Amino acid sequence: MPIRHVAVLVLYNERKEMLLQYRSADAARLPNYWAFFGGGIEGRETPEEALAREILEELEYRVSTPKLIFTQTLAADREASTKYVFVERYDPSQPLVQHEGEDMKWWRFEDLDSLQIVDHDRDALSRVQQFLNAQG
């Protein structure tokens, strides 16, 4: 079973809302789901290098101090994956320009229940929320 390594970012704003993307109907993975920005780690990239590249490609945003808060290991029928989940407070001096997905929106944690999100991403968002609550 091949193992895919991915790095994802949860940007959060001053109100501790989290930025998610709505994946388009033709997306290769998780079409029509709300999910994270980020993607596959290529070659000899570190998770941090992959994160910086993916976020620049997808949002034209330059990460400055992403913090790895946990690593999630998943196994599916045909593929296993390791997901490195980073968080960073959004720098509003950098406008976001979306190049992947159909939409993006800032969400409060309590509003996520109504969204179509895969269970393992819900678990990750719960961990992010715990991290943000600990920030005060």
# chains A, B, ... in the order shown; residues from 1 in each chain; ligands from 1
>>> residues_around(residues="region 99-104 of chain A", least_positions_apart="6", cutoff="9 Å", atoms="only C-alpha atoms", output="ChimeraX atom specification")
/A:19-25,27,32,34,37,57-60
>>> select_by_dssp(residues="chain A", states="strand (DSSP E)", output="PyMOL selection string")
chain A and resi 3-12+18-22+34-35+37-40+67-75+80-89+103-107
>>> closest_atom_pairs(of="region 9-80 of chain A", to="region 120-130 of chain A", cutoff="10 Å", atoms="only C-alpha atoms", output="CSV")
residue,atom,partner,partner_atom,distance
A:Val10,CA,A:Val128,CA,7.8
A:Tyr12,CA,A:Val128,CA,9.6
A:Lys16,CA,A:Gln129,CA,8.4
A:Glu17,CA,A:Gln129,CA,9.4
A:Met18,CA,A:Leu125,CA,8.7
A:Trp34,CA,A:Asp121,CA,9.1
A:Ala35,CA,A:Asp121,CA,7.1
A:Phe36,CA,A:Asp121,CA,8.1
A:Ile69,CA,A:Val128,CA,7.6
A:Phe70,CA,A:Arg127,CA,8.2
A:Thr71,CA,A:Ala124,CA,9.2
A:Gln72,CA,A:Ala124,CA,7.9
A:Thr73,CA,A:His120,CA,9.5
A:Leu74,CA,A:His120,CA,8.1
>>> closest_residue(among="A:Pro31, A:Gly136, A:Gly43, A:Gly38", to="Leu56 (chain A)", atoms="only C-alpha atoms")
A:Gly38
>>> residues_around(residues="region 88-94 of chain A", least_positions_apart="2", cutoff="7 Å", atoms="only C-alpha atoms", output="PyMOL selection string")
chain A and resi 10-13+61+65-67+86+96
>>> closest_residue(among="A:Gln98, A:Val8, A:Phe131, A:Ala28", to="Arg53 (chain A)", atoms="only C-alpha atoms")
A:Val8
>>> residues_around(residues="Ile3 (chain A)", least_positions_apart="5", cutoff="8 Å", atoms="only C-alpha atoms", output="CSV table (one decimal) with N, CA and C atoms, in the first residue's frame")
chain,number,residue,atom,x,y,z
A,79,GLU,N,-4.8,3.4,0.1
A,79,GLU,CA,-3.7,4.3,0.3
A,79,GLU,C,-3.6,4.6,1.8
A,80,ALA,N,-2.4,4.7,2.3
A,80,ALA,CA,-2.1,5.2,3.7
A,80,ALA,C,-1.6,6.6,3.5
A,81,SER,N,-1.7,7.4,4.5
A,81,SER,CA,-1.2,8.8,4.5
A,81,SER,C,-0.8,9.3,5.8
A,82,THR,N,0.2,10.2,5.8
A,82,THR,CA,0.6,10.9,7.0
A,82,THR,C,0.4,12.4,6.7
>>> select_by_dssp(residues="region 55-109 of chain A", states="helix (DSSP H, G or I)", output="compact mmCIF listing (two decimals) with C-alpha atoms, in the first residue's frame")
# COMPACT_ATOMS: atom_id res chain seq x y z
CA ILE A 55 0.21 27.50 0.26
CA LEU A 56 1.99 29.86 -2.12
CA GLU A 57 0.56 27.93 -5.10
CA GLU A 58 -2.97 27.72 -3.71
CA LEU A 59 -3.39 31.09 -1.97
CA PHE A 109 -15.40 26.13 15.24
